[in-house]
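**Student:** Below is final-v4.pdb; it holds PDB, C-alpha atoms.
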ATOM      1  CA  MET A   1       2.579 -40.788  68.774
ATOM      2  CA  MET A   2       5.059 -39.317  66.373
ATOM      3  CA  LYS A   3       6.162 -41.155  63.319
ATOM      4  CA  ARG A   4       9.622 -40.927  61.942
ATOM      5  CA  SER A   5       8.461 -40.348  58.375
ATOM      6  CA  SER A   6       5.457 -38.181  59.080
ATOM      7  CA  ILE A   7       5.970 -35.624  61.850
ATOM      8  CA  TRP A   8       2.985 -33.493  62.761
ATOM      9  CA  THR A   9       2.929 -29.745  62.923
ATOM     10  CA  ALA A  10       4.065 -28.021  66.097
ATOM     11  CA  VAL A  11       0.482 -27.345  67.099
ATOM     12  CA  PHE A  12      -0.478 -30.968  66.567
ATOM     13  CA  PHE A  13       2.458 -32.178  68.649
ATOM     14  CA  LEU A  14       1.522 -29.915  71.492
ATOM     15  CA  SER A  15      -2.053 -31.171  71.397
ATOM     16  CA  ILE A  16      -1.394 -34.919  71.174
ATOM     17  CA  GLY A  17       2.212 -35.957  71.402
ATOM     18  CA  LEU A  18       1.336 -39.325  69.814
ATOM     19  CA  VAL A  19       2.928 -38.687  66.468
ATOM     20  CA  ALA A  20       5.491 -41.166  65.221
ATOM     21  CA  CYS A  21       8.485 -40.225  63.159
ATOM     22  CA  GLY A  22       8.919 -42.651  60.317
ATOM     23  CA  GLY A  23       5.599 -44.433  60.180
ATOM     24  CA  ALA A  24       4.061 -44.046  63.621
ATOM     25  CA  GLU A  25       3.128 -41.157  65.769
ATOM     26  CA  GLU A  26       3.493 -40.181  69.348
ATOM     27  CA  PRO A  27       0.837 -38.342  71.344
ATOM     28  CA  ALA A  28       1.701 -35.005  72.873
ATOM     29  CA  GLU A  29       1.417 -35.313  76.603
ATOM     30  CA  PRO A  30      -1.975 -34.143  77.866
ATOM     31  CA  ALA A  31      -3.000 -33.802  81.468
ATOM     32  CA  PRO A  32      -3.879 -37.312  82.713
ATOM     33  CA  ALA A  33      -7.617 -37.932  82.480
ATOM     34  CA  GLY A  34      -8.395 -39.399  85.828
ATOM     35  CA  ASP A  35      -6.438 -41.578  88.196
ATOM     36  CA  ALA A  36      -4.862 -44.490  86.300
ATOM     37  CA  ALA A  37      -4.741 -46.535  89.472
ATOM     38  CA  GLY A  38      -8.478 -46.134  89.757
ATOM     39  CA  ALA A  39      -9.227 -47.285  86.234
ATOM     40  CA  ALA A  40     -11.534 -50.235  85.827
ATOM     41  CA  ALA A  41      -9.830 -53.611  85.847
ATOM     42  CA  PRO A  42      -9.609 -55.358  82.458
ATOM     43  CA  PRO A  43     -12.107 -58.117  81.799
ATOM     44  CA  ALA A  44     -11.196 -61.607  82.891
ATOM     45  CA  PRO A  45      -9.592 -63.669  80.108
ATOM     46  CA  GLU A  46     -12.001 -65.848  78.199
ATOM     47  CA  GLU A  47     -11.333 -69.542  78.450
ATOM     48  CA  ASN A  48     -12.258 -70.626  74.930
ATOM     49  CA  LEU A  49      -9.227 -69.312  73.039
ATOM     50  CA  GLU A  50      -7.238 -72.102  71.441
ATOM     51  CA  PRO A  51      -3.433 -72.238  71.883
ATOM     52  CA  VAL A  52      -1.478 -71.615  68.699
ATOM     53  CA  SER A  53       2.188 -71.571  67.727
ATOM     54  CA  THR A  54       3.971 -68.555  66.320
ATOM     55  CA  VAL A  55       4.516 -68.679  62.575
ATOM     56  CA  GLY A  56       7.770 -66.721  62.680
ATOM     57  CA  THR A  57       8.672 -67.368  59.037
ATOM     58  CA  MET A  58       7.003 -64.536  57.133
ATOM     59  CA  PRO A  59       9.167 -61.988  55.275
ATOM     60  CA  LEU A  60      10.270 -59.202  57.567
ATOM     61  CA  LEU A  61      11.616 -57.018  54.760
ATOM     62  CA  ASP A  62       8.642 -57.357  52.375
ATOM     63  CA  PRO A  63       5.457 -55.704  53.691
ATOM     64  CA  ASP A  64       3.695 -56.495  50.389
ATOM     65  CA  HIS A  65       4.208 -60.248  50.644
ATOM     66  CA  PRO A  66       0.890 -62.162  50.947
ATOM     67  CA  ASP A  67       2.129 -63.854  54.107
ATOM     68  CA  ALA A  68       2.533 -60.431  55.729
ATOM     69  CA  ASN A  69      -1.022 -59.416  54.850
ATOM     70  CA  ARG A  70      -3.192 -62.124  56.343
ATOM     71  CA  GLN A  71      -6.511 -61.461  57.992
ATOM     72  CA  ALA A  72      -6.259 -61.817  61.738
ATOM     73  CA  PRO A  73      -8.539 -64.048  63.800
ATOM     74  CA  GLY A  74     -11.549 -62.395  65.362
ATOM     75  CA  GLN A  75      -9.828 -62.510  68.733
ATOM     76  CA  TYR A  76      -6.269 -63.369  69.666
ATOM     77  CA  ARG A  77      -3.690 -62.883  72.394
ATOM     78  CA  VAL A  78      -0.069 -61.851  72.157
ATOM     79  CA  ALA A  79       2.447 -62.481  74.940
ATOM     80  CA  PHE A  80       5.238 -59.933  75.258
ATOM     81  CA  ALA A  81       8.415 -60.882  77.115
ATOM     82  CA  THR A  82      10.259 -57.718  78.148
ATOM     83  CA  THR A  83      13.234 -56.678  80.246
ATOM     84  CA  LYS A  84      10.776 -55.944  83.081
ATOM     85  CA  GLY A  85       8.638 -59.091  82.797
ATOM     86  CA  GLU A  86       5.747 -60.391  80.720
ATOM     87  CA  PHE A  87       2.444 -58.849  79.732
ATOM     88  CA  ILE A  88      -0.371 -60.176  77.568
ATOM     89  CA  VAL A  89      -2.506 -58.246  75.105
ATOM     90  CA  GLU A  90      -5.901 -59.411  73.910
ATOM     91  CA  VAL A  91      -6.936 -58.133  70.479
ATOM     92  CA  HIS A  92     -10.520 -57.774  69.250
ATOM     93  CA  ARG A  93     -10.643 -57.467  65.470
ATOM     94  CA  ALA A  94     -14.140 -55.970  65.635
ATOM     95  CA  TRP A  95     -12.737 -52.914  67.427
ATOM     96  CA  ALA A  96     -10.406 -51.880  64.569
ATOM     97  CA  PRO A  97     -10.055 -54.551  61.844
ATOM     98  CA  LEU A  98      -7.218 -53.031  59.831
ATOM     99  CA  GLY A  99      -5.168 -52.281  62.942
ATOM    100  CA  ALA A 100      -5.757 -55.775  64.304
ATOM    101  CA  ASP A 101      -4.658 -57.324  61.006
ATOM    102  CA  ARG A 102      -1.475 -55.248  60.796
ATOM    103  CA  PHE A 103      -0.514 -56.006  64.398
ATOM    104  CA  TYR A 104      -1.120 -59.736  63.898
ATOM    105  CA  ASN A 105       1.163 -59.843  60.865
ATOM    106  CA  LEU A 106       3.885 -57.746  62.480
ATOM    107  CA  VAL A 107       3.974 -60.082  65.464
ATOM    108  CA  GLN A 108       4.113 -63.134  63.217
ATOM    109  CA  VAL A 109       7.075 -61.816  61.211
ATOM    110  CA  GLY A 110       8.963 -60.998  64.416
ATOM    111  CA  TYR A 111       8.937 -57.261  63.865
ATOM    112  CA  TYR A 112       8.554 -56.328  67.539
ATOM    113  CA  ASN A 113      11.306 -58.578  68.873
ATOM    114  CA  ASN A 114      14.037 -56.464  70.517
ATOM    115  CA  ASN A 115      12.104 -53.203  70.047
ATOM    116  CA  ARG A 116      12.813 -50.506  72.630
ATOM    117  CA  PHE A 117      10.080 -48.630  74.513
ATOM    118  CA  PHE A 118      11.523 -45.364  73.264
ATOM    119  CA  ARG A 119       8.897 -42.953  74.593
ATOM    120  CA  VAL A 120       7.485 -43.595  78.060
ATOM    121  CA  LEU A 121       5.622 -40.728  79.710
ATOM    122  CA  ASP A 122       4.288 -41.509  83.172
ATOM    123  CA  GLY A 123       0.507 -41.437  83.329
ATOM    124  CA  PHE A 124       0.220 -40.957  79.568
ATOM    125  CA  VAL A 125       1.673 -43.545  77.149
ATOM    126  CA  ALA A 126       4.366 -46.166  76.597
ATOM    127  CA  GLN A 127       5.329 -46.056  72.915
ATOM    128  CA  PHE A 128       7.271 -48.599  70.855
ATOM    129  CA  GLY A 129       7.339 -50.128  67.393
ATOM    130  CA  MET A 130      10.520 -48.919  65.678
ATOM    131  CA  ASN A 131      12.763 -51.806  64.708
ATOM    132  CA  GLY A 132      16.435 -51.947  65.650
ATOM    133  CA  ASP A 133      17.375 -52.633  62.014
ATOM    134  CA  PRO A 134      17.230 -49.476  59.844
ATOM    135  CA  ALA A 135      16.514 -51.573  56.732
ATOM    136  CA  VAL A 136      13.412 -53.015  58.376
ATOM    137  CA  ASN A 137      12.250 -49.553  59.466
ATOM    138  CA  GLU A 138      12.684 -48.255  55.932
ATOM    139  CA  ALA A 139      10.714 -51.131  54.421
ATOM    140  CA  TRP A 140       7.707 -50.724  56.721
ATOM    141  CA  ASP A 141       7.796 -46.938  56.870
ATOM    142  CA  ARG A 142       6.062 -46.827  53.485
ATOM    143  CA  ALA A 143       3.536 -49.577  54.269
ATOM    144  CA  LEU A 144       0.655 -47.337  55.311
ATOM    145  CA  ILE A 145      -2.777 -48.638  56.274
ATOM    146  CA  PRO A 146      -6.029 -46.626  56.268
ATOM    147  CA  ASP A 147      -7.620 -45.464  59.476
ATOM    148  CA  ASP A 148     -10.251 -47.563  61.209
ATOM    149  CA  PRO A 149     -13.483 -45.927  62.374
ATOM    150  CA  MET A 150     -13.383 -44.971  66.038
ATOM    151  CA  GLY A 151     -15.107 -47.493  68.250
ATOM    152  CA  GLU A 152     -13.430 -48.044  71.596
ATOM    153  CA  MET A 153     -11.952 -45.435  73.931
ATOM    154  CA  ASN A 154      -8.298 -44.845  74.835
ATOM    155  CA  THR A 155      -8.650 -45.959  78.427
ATOM    156  CA  ARG A 156      -5.822 -47.259  80.586
ATOM    157  CA  GLY A 157      -4.266 -50.436  79.193
ATOM    158  CA  ARG A 158      -5.640 -50.061  75.656
ATOM    159  CA  LEU A 159      -3.267 -50.660  72.727
ATOM    160  CA  THR A 160      -3.441 -48.228  69.802
ATOM    161  CA  PHE A 161      -1.439 -47.439  66.662
ATOM    162  CA  ALA A 162       0.384 -44.127  66.549
ATOM    163  CA  THR A 163      -0.116 -42.061  63.433
ATOM    164  CA  GLY A 164       1.471 -39.216  61.505
ATOM    165  CA  GLY A 165      -1.847 -37.835  60.329
ATOM    166  CA  PRO A 166      -4.838 -39.387  58.535
ATOM    167  CA  ASN A 167      -4.320 -42.856  57.035
ATOM    168  CA  SER A 168      -0.650 -43.055  58.046
ATOM    169  CA  ARG A 169      -0.455 -46.005  60.459
ATOM    170  CA  THR A 170       2.486 -48.358  59.975
ATOM    171  CA  THR A 171       4.166 -50.081  62.947
ATOM    172  CA  GLN A 172       4.360 -47.785  65.967
ATOM    173  CA  LEU A 173       2.096 -48.485  68.934
ATOM    174  CA  PHE A 174       1.313 -46.983  72.295
ATOM    175  CA  ILE A 175      -0.180 -48.424  75.440
ATOM    176  CA  ASN A 176      -2.309 -45.956  77.356
ATOM    177  CA  LEU A 177      -0.962 -45.514  80.881
ATOM    178  CA  GLY A 178      -3.994 -43.460  81.877
ATOM    179  CA  ASP A 179      -7.467 -42.680  80.580
ATOM    180  CA  ASN A 180      -6.524 -40.574  77.540
ATOM    181  CA  LEU A 181     -10.043 -39.835  76.357
ATOM    182  CA  ASN A 182      -8.888 -36.657  74.628
ATOM    183  CA  LEU A 183      -7.315 -38.912  71.974
ATOM    184  CA  ASP A 184     -10.642 -40.464  71.018
ATOM    185  CA  ASN A 185     -11.650 -37.670  68.642
ATOM    186  CA  MET A 186      -8.209 -37.547  67.002
ATOM    187  CA  GLY A 187      -8.405 -40.817  65.101
ATOM    188  CA  PHE A 188      -6.491 -43.027  67.535
ATOM    189  CA  SER A 189      -8.549 -46.229  67.429
ATOM    190  CA  PRO A 190      -7.658 -48.924  70.013
ATOM    191  CA  PHE A 191      -7.672 -52.529  68.809
ATOM    192  CA  GLY A 192      -6.666 -54.411  71.954
ATOM    193  CA  GLU A 193      -5.913 -54.158  75.648
ATOM    194  CA  VAL A 194      -3.482 -55.445  78.232
ATOM    195  CA  ILE A 195      -5.238 -58.201  80.201
ATOM    196  CA  GLU A 196      -2.245 -59.337  82.272
ATOM    197  CA  GLY A 197       0.923 -57.589  83.451
ATOM    198  CA  MET A 198      -0.073 -53.927  83.433
ATOM    199  CA  SER A 199       2.328 -53.469  86.347
ATOM    200  CA  VAL A 200       5.128 -54.392  83.927
ATOM    201  CA  ILE A 201       4.129 -51.515  81.651
ATOM    202  CA  ASP A 202       3.983 -49.132  84.601
ATOM    203  CA  SER A 203       7.555 -50.086  85.567
ATOM    204  CA  LEU A 204       9.173 -49.336  82.176
ATOM    205  CA  TYR A 205      12.080 -46.889  82.309
ATOM    206  CA  SER A 206      10.715 -43.366  81.793
ATOM    207  CA  ASP A 207      13.385 -40.938  82.991
ATOM    208  CA  TYR A 208      14.512 -39.936  79.487
ATOM    209  CA  GLY A 209      11.155 -38.223  79.052
ATOM    210  CA  GLU A 210       9.745 -36.711  75.877
ATOM    211  CA  GLY A 211      11.421 -37.289  72.534
ATOM    212  CA  ALA A 212      13.623 -34.843  70.651
ATOM    213  CA  GLU A 213      10.976 -34.062  68.025
ATOM    214  CA  SER A 214       8.782 -32.624  70.780
ATOM    215  CA  GLY A 215      11.600 -30.655  72.393
ATOM    216  CA  GLY A 216      12.538 -33.225  75.022
ATOM    217  CA  GLN A 217      15.748 -35.038  75.904
ATOM    218  CA  GLY A 218      14.551 -38.469  74.806
ATOM    219  CA  PRO A 219      15.405 -40.338  71.596
ATOM    220  CA  SER A 220      14.942 -38.814  68.173
ATOM    221  CA  GLN A 221      12.643 -40.944  66.054
ATOM    222  CA  GLY A 222      14.467 -39.797  62.950
ATOM    223  CA  ARG A 223      17.721 -41.170  64.324
ATOM    224  CA  ILE A 224      16.090 -44.406  65.474
ATOM    225  CA  GLY A 225      14.885 -44.925  61.938
ATOM    226  CA  ALA A 226      18.260 -44.165  60.386
ATOM    227  CA  GLU A 227      20.612 -45.714  62.974
ATOM    228  CA  GLY A 228      18.466 -48.253  64.795
ATOM    229  CA  GLU A 229      19.591 -50.078  67.904
ATOM    230  CA  ALA A 230      23.162 -48.795  67.640
ATOM    231  CA  TYR A 231      21.918 -45.271  68.413
ATOM    232  CA  LEU A 232      19.615 -46.324  71.262
ATOM    233  CA  ALA A 233      22.111 -48.660  72.918
ATOM    234  CA  ARG A 234      24.785 -45.975  72.858
ATOM    235  CA  ASP A 235      22.785 -42.889  73.864
ATOM    236  CA  PHE A 236      19.796 -44.350  75.759
ATOM    237  CA  PRO A 237      21.006 -47.643  77.212
ATOM    238  CA  LEU A 238      18.498 -47.740  80.087
ATOM    239  CA  LEU A 239      15.446 -48.026  77.837
ATOM    240  CA  ASP A 240      13.531 -51.260  78.377
ATOM    241  CA  TYR A 241      12.671 -53.395  75.380
ATOM    242  CA  VAL A 242      10.541 -56.229  74.043
ATOM    243  CA  GLU A 243      12.559 -59.426  74.066
ATOM    244  CA  SER A 244       9.925 -61.322  72.080
ATOM    245  CA  ALA A 245       6.281 -61.082  71.050
ATOM    246  CA  ARG A 246       4.263 -64.102  69.961
ATOM    247  CA  VAL A 247       0.673 -65.086  69.338
ATOM    248  CA  VAL A 248      -0.302 -67.539  72.059
ATOM    249  CA  ALA A 249      -4.035 -68.005  71.519
ATOM    250  CA  GLU A 250      -6.673 -67.216  68.918
ATOM    251  CA  ARG A 251     -10.216 -67.994  67.887
TER     252      ARG A 251
END
Spell out the structure here as structure tokens.
**Tutor:**
Amino acid sequence: MMKRSSIWTAVFFLSIGLVACGGAEEPAEPAPAGDAAGAAAPPAPEENLEPVSTVGTMPLLDPDHPDANRQAPGQYRVAFATTKGEFIVEVHRAWAPLGADRFYNLVQVGYYNNNRFFRVLDGFVAQFGMNGDPAVNEAWDRALIPDDPMGEMNTRGRLTFATGGPNSRTTQLFINLGDNLNLDNMGFSPFGEVIEGMSVIDSLYSDYGEGAESGGQGPSQGRIGAEGEAYLARDFPLLDYVESARVVAER
């Protein structure tokens, strides 16, 4: 995944395409590793997660605030309402603790609400995580977290932070649309997986293709960071987006 603030070298883009401009990276499109439709089904949801309410009051413009740096529960679920329907992600902190903590706090502050899926490549990834408000993007673009050790694989449905190089994760995420095992030795450590609604992810608008930083006709991450939703709504109005994201269960 490409990050707006930390764009990889041309060689790196060609090899992964997961670099994020401005805090998250986008992976360069590899050949799909296996048939996504034939991927193993996600595990059945566990029944012992307790319902919780979304906090929704933490400071969106202050990544250093204590309330935006809480430790996440060992396991939690986040429900995403999108323009194509709902999907649910289950996060396992043991897979990638720092990534799980950052995602938990970003959801709680409302960061992902109204975020566009700005880079959707069929059979590869669906990438999002740049806010529609340039001031919010600027604030979080400098809030880097260290890498987690690799544990799980980038199989279909897994949720992973994009990066702009070592120890550069901020806010951008991608959902693997296929088994992208070639990303496993590049530092992309999954921290959760889609357990319901993968068909919603598969239906996201993808015709804009690859982003401008990788030579495509899709959105420029640099311009998303600087201009926000005004740029996307004007030049890429068909992009689907997250209407809301909220923690719905944890333990």
**Student:** Rank A:His65, A:Arg158, A:Arg234, A:Arg169 by their smallest atom-to-atom distance to A:Val89, using only C-alpha atoms, and report the top residue only.
**Tutor:**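 With only C-alpha atoms as the atom set, the closest residue is A:Arg158.
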**Student:** Quick one: residues within 6 Å of A:Gly157, only C-alpha atoms, excluding same-chain residues fewer than 2 positions away - as a list in words?
**Tutor:**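 Counting only C-alpha atoms, the residues come to Ile175, Asn176, Glu193 and Val194 of chain A.
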**Student:** Could you list, as a PyMOL selection string, every residue within 12 Å of A:Phe191, counting all atoms listed in the file and ignoring same-chain residues fewer than 6 positions away?
**Tutor:** chain A and resi 72+74-77+89-104+147-155+157-162+173-175
**Student:** Looking at A:Gly197, A:Gly225, A:Gly129, A:Pro190, which one is nearest to A:Lys84, with distances taken over all atoms listed in the file?
**Tutor:**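 When distances to A:Lys84 are compared using all atoms listed in the file, the smallest one comes from A:Gly197.
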**Student:** What is the atom CA of A:Gln108-atom CA of A:Phe188 distance in Å, reported with one decimal?
**Tutor:**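 That distance, rounded to one decimal, is 23.1 Å.
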**Student:** Give me the residues near stretch 208-219 of chain A as a short mmCIF file (atom, residue, chain, number, x, y, z; two decimals) with C-alpha atoms, keeping the file's coordinate frame, where near means some atom within 7 Å (using only C-alpha atoms) and where sequence neighbours in that chain fewer than 3 positions away do not count.
**Tutor:**
data_model
loop_
_atom_site.label_atom_id
_atom_site.label_comp_id
_atom_site.auth_asym_id
_atom_site.auth_seq_id
_atom_site.Cartn_x
_atom_site.Cartn_y
_atom_site.Cartn_z
CA PHE A 13 2.46 -32.18 68.65
CA PHE A 118 11.52 -45.36 73.26
CA ARG A 119 8.90 -42.95 74.59
CA VAL A 120 7.48 -43.60 78.06
CA LEU A 121 5.62 -40.73 79.71
#
**Student:** Report, in Å with one decimal, the straight-line distance from atom CA of A:Pro63 to atom CA of A:Tyr111.
**Tutor:**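 Between atom CA of A:Pro63 and atom CA of A:Tyr111 the gap is 10.9 Å.
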**Student:** Pick from A:Gly178, A:Pro146, A:Pro166, A:Gly110: nearest to A:Leu61, with all atoms listed in the file counted?
**Tutor:**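 Closest candidate: A:Gly110.
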**Student:** Between atom CA of A:Arg156 and atom CA of A:Arg251, what distance in Å does the model show, to one decimal?
**Tutor:**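 About the pair atom CA of A:Arg156 and atom CA of A:Arg251: they are 24.7 Å apart.
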**Student:** For A:Ile195, which residue among A:Phe128, A:Ala81, A:Glu86, A:Pro59 is the nearest when counting only C-alpha atoms?
**Tutor:**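 That would be A:Glu86, the residue with the smallest distance to A:Ile195.
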**Student:** Using the chain letters and numbering of this document, enumerate as a PDB file with C-alpha atoms, in the frame of the given file the residues selected by the PyMOL selection byres ((chain A and resi 237) around 12).
**Tutor:**
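The file below, selection-v9.pdb, is the result:
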ATOM      1  CA  ARG A 116      12.813 -50.506  72.630  1.00  0.00           C
ATOM      2  CA  PHE A 117      10.080 -48.630  74.513  1.00  0.00           C
ATOM      3  CA  PHE A 118      11.523 -45.364  73.264  1.00  0.00           C
ATOM      4  CA  TYR A 205      12.080 -46.889  82.309  1.00  0.00           C
ATOM      5  CA  ASP A 207      13.385 -40.938  82.991  1.00  0.00           C
ATOM      6  CA  TYR A 208      14.512 -39.936  79.487  1.00  0.00           C
ATOM      7  CA  GLY A 218      14.551 -38.469  74.806  1.00  0.00           C
ATOM      8  CA  PRO A 219      15.405 -40.338  71.596  1.00  0.00           C
ATOM      9  CA  GLU A 229      19.591 -50.078  67.904  1.00  0.00           C
ATOM     10  CA  ALA A 230      23.162 -48.795  67.640  1.00  0.00           C
ATOM     11  CA  TYR A 231      21.918 -45.271  68.413  1.00  0.00           C
ATOM     12  CA  LEU A 232      19.615 -46.324  71.262  1.00  0.00           C
ATOM     13  CA  ALA A 233      22.111 -48.660  72.918  1.00  0.00           C
ATOM     14  CA  ARG A 234      24.785 -45.975  72.858  1.00  0.00           C
ATOM     15  CA  ASP A 235      22.785 -42.889  73.864  1.00  0.00           C
ATOM     16  CA  PHE A 236      19.796 -44.350  75.759  1.00  0.00           C
ATOM     17  CA  LEU A 238      18.498 -47.740  80.087  1.00  0.00           C
ATOM     18  CA  LEU A 239      15.446 -48.026  77.837  1.00  0.00           C
ATOM     19  CA  ASP A 240      13.531 -51.260  78.377  1.00  0.00           C
ATOM     20  CA  TYR A 241      12.671 -53.395  75.380  1.00  0.00           C
TER      21      TYR A 241
END
**Student:** Using only C-alpha atoms, list the residues that have an atom at most 6 Å from (8.0, -61.4, 56.4), coordinates as in the file, as an MDAnalysis selection string.
**Tutor:** chainID A and resid 58:62 68 109
**Student:** Given the choices A:Pro73, A:Ala143, A:Ile201, A:Glu250, which gets closest to A:Phe87 if the distance is worked out from only C-alpha atoms?
**Tutor:**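 Looking at the shortest contact to A:Phe87, the residue is A:Ile201.
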**Student:** From the options A:Pro66, A:Gly187, A:Gly123, A:Gly132, which residue's atoms come nearest to A:Val242, counting all atoms listed in the file?
**Tutor:**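 With all atoms listed in the file as the atom set, the closest residue is A:Gly132.
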**Student:** Starting from the displayed file, determine the output of the PyMOL selection byres ((chain A and resi 243) around 8) and express the residue list as a VMD selection string.
**Tutor:** chain A and resid 80 to 83 113 to 115 241 to 242 244 to 245
